[in-house]
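Undergrad: Can you read through this structure? Questions will come right after.
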Number of protein chains: 2
Amino acid sequence: MTSTFLRKKSFPSISPPHDATEGSETADLAARLLVAPTALMQLTMPEARTVVRYMQPQIVSKDTVFIREGDVLDTGFLMLLLDGEVTVETQVVSRAEPIVITLLGPGSLIGELGMFDGLPRYASCVAATQLRCAILTRAGLSRLMEENPGIAAKLLLAVSLRIGARLREVTDKLKMYVQLTQAMEQEIGSRPEA
Amino acid sequence: MTSTFLRKKSFPSISPPHDATEGSETADLAARLLVAPTALMQLTMPEARTVVRYMQPQIVSKDTVFIREGDVLDTGFLMLLLDGEVTVETQVVSRAEPIVITLLGPGSLIGELGMFDGLPRYASCVAATQLRCAILTRAGLSRLMEENPGIAAKLLLAVSLRIGARLREVTDKLKMYVQLTQAMEQEIGSRPEA
């Protein structure tokens, strides 16, 4: 069993301000990916650079489970994937192996829901390759809200949009499954018992 | 066919600032309901009063369909229900009558997703009684973000939390339906053809 990367690796303190990404090549990449269509395209580049100043760079080794389904401890962060691939999985009661929900590549935002509500993670994320990423903790977001409220508001609007898009997707899937089960109920009802 | 209330009733202009709710009894009620657990409890009362200054009061007659499933026009507003009851419905392909998803009472926030993304409404909302409500338009939110970015950030954080909570609920339901259809597939597979 792999422990989550935040436990395995001590997480860089954010006080005093930890601007390791600032001015570096990684910071540039993070800012560019933050405004890409896969993440938060509502921010301008200067705004994205400001947000990146509140993030910390992080390397995650291949095969690390850095978000674990059901976890209630390491929920207070949002991750911007700079480089590498992530497998998102969920455990289904009737199966031994988890099922893969999706694969995420560079530019993906991961964990934004948990950063907000701190509730149990509802899927696991596994590093399919070594990852380079930038992390925004809940504490980092609080500092951003205090020091740059206008940019924080734009960031939060953009993140709300992303969560909303996922809500619409999942709702569409649910509607489809409701209809599928109705059709199957009829199918079962119309056949004689074996 | 009832037209949506925003078309039926000309919507109060928000420029110059339309603070009809300010200082009134309705404004007090709106601010109190805005910080209640059913809406955005993360705001303080003074912050809620500021938000209410960017909202407009609105009366909706009984039986008005004020949000229509699939609508792409009147999507740019969020509504705080002050008084009355709302039925949320969705149309299912296989049925003539829409199915009721939920009933909402005073203190409920309605339409927050559409205010953000402007995409087609994915359920209809009908006034089961006459409604008293406070409306925040997309333009009102933009003004709030410019003039009071700190409060806007807190409002957006709170709204993100609500959308996130709904995403978790719908995802849980989806997981349940996936398992249900798997069980039904086995049931259908194990029976002989009629």
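Identifiers for the structure tokens are assigned positionally: chains receive A, B, ... in sequence, residues are indexed from 1 per chain, and ligands are indexed from 1 in the order shown.
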Leu104 (chain A): which residues within 9 Å, counting only C-alpha atoms, same-chain residues fewer than 5 positions away excluded, as a list in words?
TA: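 Non-adjacent residues within range: Leu81, Gly84, Glu85, Val86, Thr87, Val88, Leu109 and Ile110 of chain A.
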Undergrad: Where does chain A meet chain B within 9 Å, residue by residue, with the nearest atom pair and distance in Å to one decimal for each, counting only C-alpha atoms, listed by chain and rising number, as a tab-separated table?
TA:
residue	atom	partner	partner_atom	distance
A:Val92	CA	B:Gln179	CA	7.8
A:Val93	CA	B:Gln179	CA	8.1
A:Ser94	CA	B:Gln179	CA	7.9
A:Leu113	CA	B:Gly164	CA	6.0
A:Gly114	CA	B:Gly164	CA	8.8
A:Phe116	CA	B:Leu161	CA	6.1
A:Asp117	CA	B:Leu161	CA	6.2
A:Tyr122	CA	B:Arg168	CA	7.9
A:Met145	CA	B:Gly150	CA	6.7
A:Glu146	CA	B:Gly150	CA	7.2
A:Asn148	CA	B:Gly150	CA	8.2
A:Pro149	CA	B:Gly150	CA	4.7
A:Gly150	CA	B:Pro149	CA	4.7
A:Ile151	CA	B:Pro149	CA	8.2
A:Ala152	CA	B:Ala153	CA	6.0
A:Ala153	CA	B:Ala153	CA	4.0
A:Lys154	CA	B:Ala153	CA	7.7
A:Leu155	CA	B:Ala153	CA	8.6
A:Leu156	CA	B:Leu156	CA	5.9
A:Leu157	CA	B:Leu156	CA	6.1
A:Ala158	CA	B:Phe116	CA	8.7
A:Val159	CA	B:Ser160	CA	7.5
A:Ser160	CA	B:Ser160	CA	5.0
A:Leu161	CA	B:Phe116	CA	6.1
A:Ile163	CA	B:Gly164	CA	6.4
A:Gly164	CA	B:Leu113	CA	6.0
A:Ala165	CA	B:Asp117	CA	8.1
A:Arg166	CA	B:Leu167	CA	7.3
A:Leu167	CA	B:Leu167	CA	5.0
A:Arg168	CA	B:Tyr122	CA	7.8
A:Val170	CA	B:Thr171	CA	6.4
A:Thr171	CA	B:Val170	CA	6.4
A:Asp172	CA	B:Tyr122	CA	8.8
A:Lys173	CA	B:Leu174	CA	7.4
A:Leu174	CA	B:Leu174	CA	5.3
A:Lys175	CA	B:Val92	CA	8.2
A:Tyr177	CA	B:Tyr177	CA	6.3
A:Val178	CA	B:Tyr177	CA	7.2
A:Gln179	CA	B:Val92	CA	7.8
A:Leu180	CA	B:Thr181	CA	7.7
A:Thr181	CA	B:Thr181	CA	6.0
A:Met184	CA	B:Met184	CA	6.9
A:Glu185	CA	B:Met184	CA	7.9
A:Glu187	CA	B:Ile188	CA	7.6
A:Ile188	CA	B:Ile188	CA	6.2
A:Ser190	CA	B:Ala194	CA	8.1
A:Arg191	CA	B:Ala194	CA	5.4
A:Pro192	CA	B:Ala194	CA	6.1
A:Glu193	CA	B:Arg191	CA	6.9
A:Ala194	CA	B:Arg191	CA	5.4
Undergrad: Distance CA of Val65 (chain B)-CA of Ala134 (chain B), one decimal place?
TA: 16.6 Å
Undergrad: Just how far from CA of Gly76 (chain A) is CA of Thr129 (chain A), in Å to one decimal?
TA: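 Between these atoms lies a distance of 23.1 Å.
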Undergrad: Provide the CA of Thr50 (chain A) to CA of Arg143 (chain B) distance in Å, to one decimal place.
TA: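 Atom-to-atom, CA of Thr50 (chain A) and CA of Arg143 (chain B) are spaced 22.0 Å apart.
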Undergrad: Give me the residues near Met45 (chain B) as a PDB file with C-alpha atoms, in the first residue's frame, where near means some atom within 10 Å (using only C-alpha atoms) and where sequence neighbours in that chain fewer than 6 positions away do not count.
TA:
ATOM      1  CA  ASP B  28     -32.865  42.383   5.946  1.00  0.00           C
ATOM      2  CA  ALA B  31     -29.235  39.160   4.087  1.00  0.00           C
ATOM      3  CA  ARG B  32     -30.397  36.836   6.883  1.00  0.00           C
ATOM      4  CA  LEU B  33     -31.335  34.070   4.429  1.00  0.00           C
ATOM      5  CA  LEU B  34     -28.093  34.527   2.493  1.00  0.00           C
ATOM      6  CA  VAL B  35     -26.028  33.520   5.553  1.00  0.00           C
ATOM      7  CA  ALA B  36     -28.357  30.641   6.566  1.00  0.00           C
ATOM      8  CA  VAL B  51     -24.154  41.363  -1.546  1.00  0.00           C
TER       9      VAL B  51
END
Undergrad: With a distance cut-off of 7 Å and only C-alpha atoms, select the neighbouring residues of Val60 (chain A), excluding the residue or stretch itself and same-chain residues fewer than 3 positions from it, and output the selection as a list in words.
TA: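 With the cut-off at 7 Å, the set is Phe5, Thr64, Gln130, Leu131 and Arg132 of chain A.
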Undergrad: Could you find all residues in region 31-137 of chain A that DSSP calls strand (DSSP E) from the backbone, and write them as an MDAnalysis selection string?
TA: chainID A and resid 56:60 65:67 77:83 86:90 99:104 109:110 124:127 131:137
Undergrad: Please dump the current selection as a compact mmCIF listing (two decimals), in the first residue's frame; keep N, CA and C atoms.
TA:
# COMPACT_ATOMS: atom_id res chain seq x y z
N GLN A 56 3.02 25.90 -4.71
CA GLN A 56 4.32 25.29 -4.49
C GLN A 56 4.56 24.22 -5.54
N PRO A 57 5.82 24.14 -6.04
CA PRO A 57 6.13 23.08 -6.99
C PRO A 57 6.25 21.75 -6.24
N GLN A 58 5.96 20.67 -6.94
CA GLN A 58 6.00 19.36 -6.29
C GLN A 58 6.30 18.29 -7.35
N ILE A 59 7.16 17.35 -6.98
CA ILE A 59 7.41 16.19 -7.86
C ILE A 59 6.73 14.99 -7.21
N VAL A 60 5.99 14.22 -7.99
CA VAL A 60 5.35 13.00 -7.47
C VAL A 60 5.90 11.81 -8.25
N VAL A 65 -0.09 6.92 -5.15
CA VAL A 65 -1.51 7.26 -5.04
C VAL A 65 -1.56 8.56 -4.24
N PHE A 66 -1.68 9.68 -4.93
CA PHE A 66 -1.57 10.96 -4.21
C PHE A 66 -2.92 11.51 -3.78
N ILE A 67 -4.00 10.96 -4.31
CA ILE A 67 -5.34 11.24 -3.76
C ILE A 67 -6.00 9.88 -3.64
N PHE A 77 -5.98 20.60 -0.81
CA PHE A 77 -5.15 21.18 -1.86
C PHE A 77 -5.73 20.93 -3.24
N LEU A 78 -5.35 21.82 -4.13
CA LEU A 78 -5.69 21.72 -5.54
C LEU A 78 -4.37 21.59 -6.29
N MET A 79 -4.34 20.74 -7.31
CA MET A 79 -3.10 20.50 -8.03
C MET A 79 -3.25 20.87 -9.51
N LEU A 80 -2.28 21.59 -10.02
CA LEU A 80 -2.21 21.84 -11.46
C LEU A 80 -1.12 20.93 -12.01
N LEU A 81 -1.49 20.05 -12.91
CA LEU A 81 -0.53 19.09 -13.47
C LEU A 81 0.29 19.78 -14.55
N LEU A 82 1.62 19.85 -14.35
CA LEU A 82 2.50 20.52 -15.32
C LEU A 82 3.05 19.53 -16.33
N ASP A 83 3.33 18.33 -15.85
CA ASP A 83 3.98 17.36 -16.72
C ASP A 83 3.70 15.96 -16.19
N VAL A 86 -1.94 11.19 -15.14
CA VAL A 86 -2.60 10.72 -13.92
C VAL A 86 -3.79 9.82 -14.30
N THR A 87 -3.92 8.71 -13.59
CA THR A 87 -5.08 7.83 -13.75
C THR A 87 -6.05 8.11 -12.61
N VAL A 88 -7.32 8.38 -12.95
CA VAL A 88 -8.35 8.58 -11.93
C VAL A 88 -9.18 7.31 -11.85
N GLU A 89 -9.27 6.74 -10.65
CA GLU A 89 -9.93 5.44 -10.48
C GLU A 89 -10.98 5.47 -9.39
N THR A 90 -11.94 4.56 -9.48
CA THR A 90 -12.89 4.41 -8.37
C THR A 90 -13.10 2.93 -8.10
N ILE A 99 -12.10 0.64 -11.16
CA ILE A 99 -12.28 0.97 -12.57
C ILE A 99 -11.72 2.36 -12.85
N VAL A 100 -11.08 2.47 -14.02
CA VAL A 100 -10.47 3.74 -14.42
C VAL A 100 -11.57 4.66 -14.93
N ILE A 101 -11.69 5.84 -14.32
CA ILE A 101 -12.69 6.81 -14.76
C ILE A 101 -12.15 7.64 -15.92
N THR A 102 -10.92 8.11 -15.76
CA THR A 102 -10.36 8.97 -16.80
C THR A 102 -8.84 9.08 -16.65
N LEU A 103 -8.20 9.54 -17.72
CA LEU A 103 -6.76 9.81 -17.70
C LEU A 103 -6.58 11.32 -17.84
N LEU A 104 -5.68 11.90 -17.06
CA LEU A 104 -5.46 13.35 -17.14
C LEU A 104 -4.03 13.65 -17.54
N LEU A 109 -6.50 20.33 -13.90
CA LEU A 109 -6.65 20.71 -12.49
C LEU A 109 -7.20 19.49 -11.76
N ILE A 110 -6.64 19.21 -10.60
CA ILE A 110 -7.03 18.01 -9.85
C ILE A 110 -7.31 18.39 -8.40
N SER A 124 -9.76 8.02 -6.60
CA SER A 124 -8.32 7.98 -6.34
C SER A 124 -7.57 8.49 -7.55
N CYS A 125 -6.42 9.14 -7.30
CA CYS A 125 -5.56 9.60 -8.40
C CYS A 125 -4.20 8.96 -8.24
N VAL A 126 -3.75 8.32 -9.31
CA VAL A 126 -2.48 7.61 -9.29
C VAL A 126 -1.55 8.21 -10.35
N ALA A 127 -0.30 8.42 -9.99
CA ALA A 127 0.69 8.93 -10.95
C ALA A 127 1.06 7.81 -11.92
N LEU A 131 5.33 12.85 -12.02
CA LEU A 131 4.59 14.08 -12.25
C LEU A 131 5.37 15.30 -11.77
N ARG A 132 5.20 16.39 -12.54
CA ARG A 132 5.65 17.68 -12.07
C ARG A 132 4.37 18.48 -11.90
N CYS A 133 4.16 19.08 -10.75
CA CYS A 133 2.92 19.82 -10.56
C CYS A 133 3.10 21.03 -9.67
N ALA A 134 2.06 21.87 -9.63
CA ALA A 134 2.03 23.04 -8.75
C ALA A 134 0.80 22.89 -7.86
N ILE A 135 1.01 23.12 -6.57
CA ILE A 135 -0.03 22.86 -5.57
C ILE A 135 -0.52 24.17 -4.98
N LEU A 136 -1.84 24.33 -4.88
CA LEU A 136 -2.42 25.45 -4.13
C LEU A 136 -3.14 24.86 -2.94
N THR A 137 -2.65 25.17 -1.74
CA THR A 137 -3.30 24.66 -0.53
C THR A 137 -4.44 25.59 -0.14
Undergrad: Mind listing the alpha helix (DSSP H) residues of region 42-180 of chain B, per DSSP on the backbone, as a ChimeraX atom specification?
TA: /B:45-52,112-117,138-147,149-180
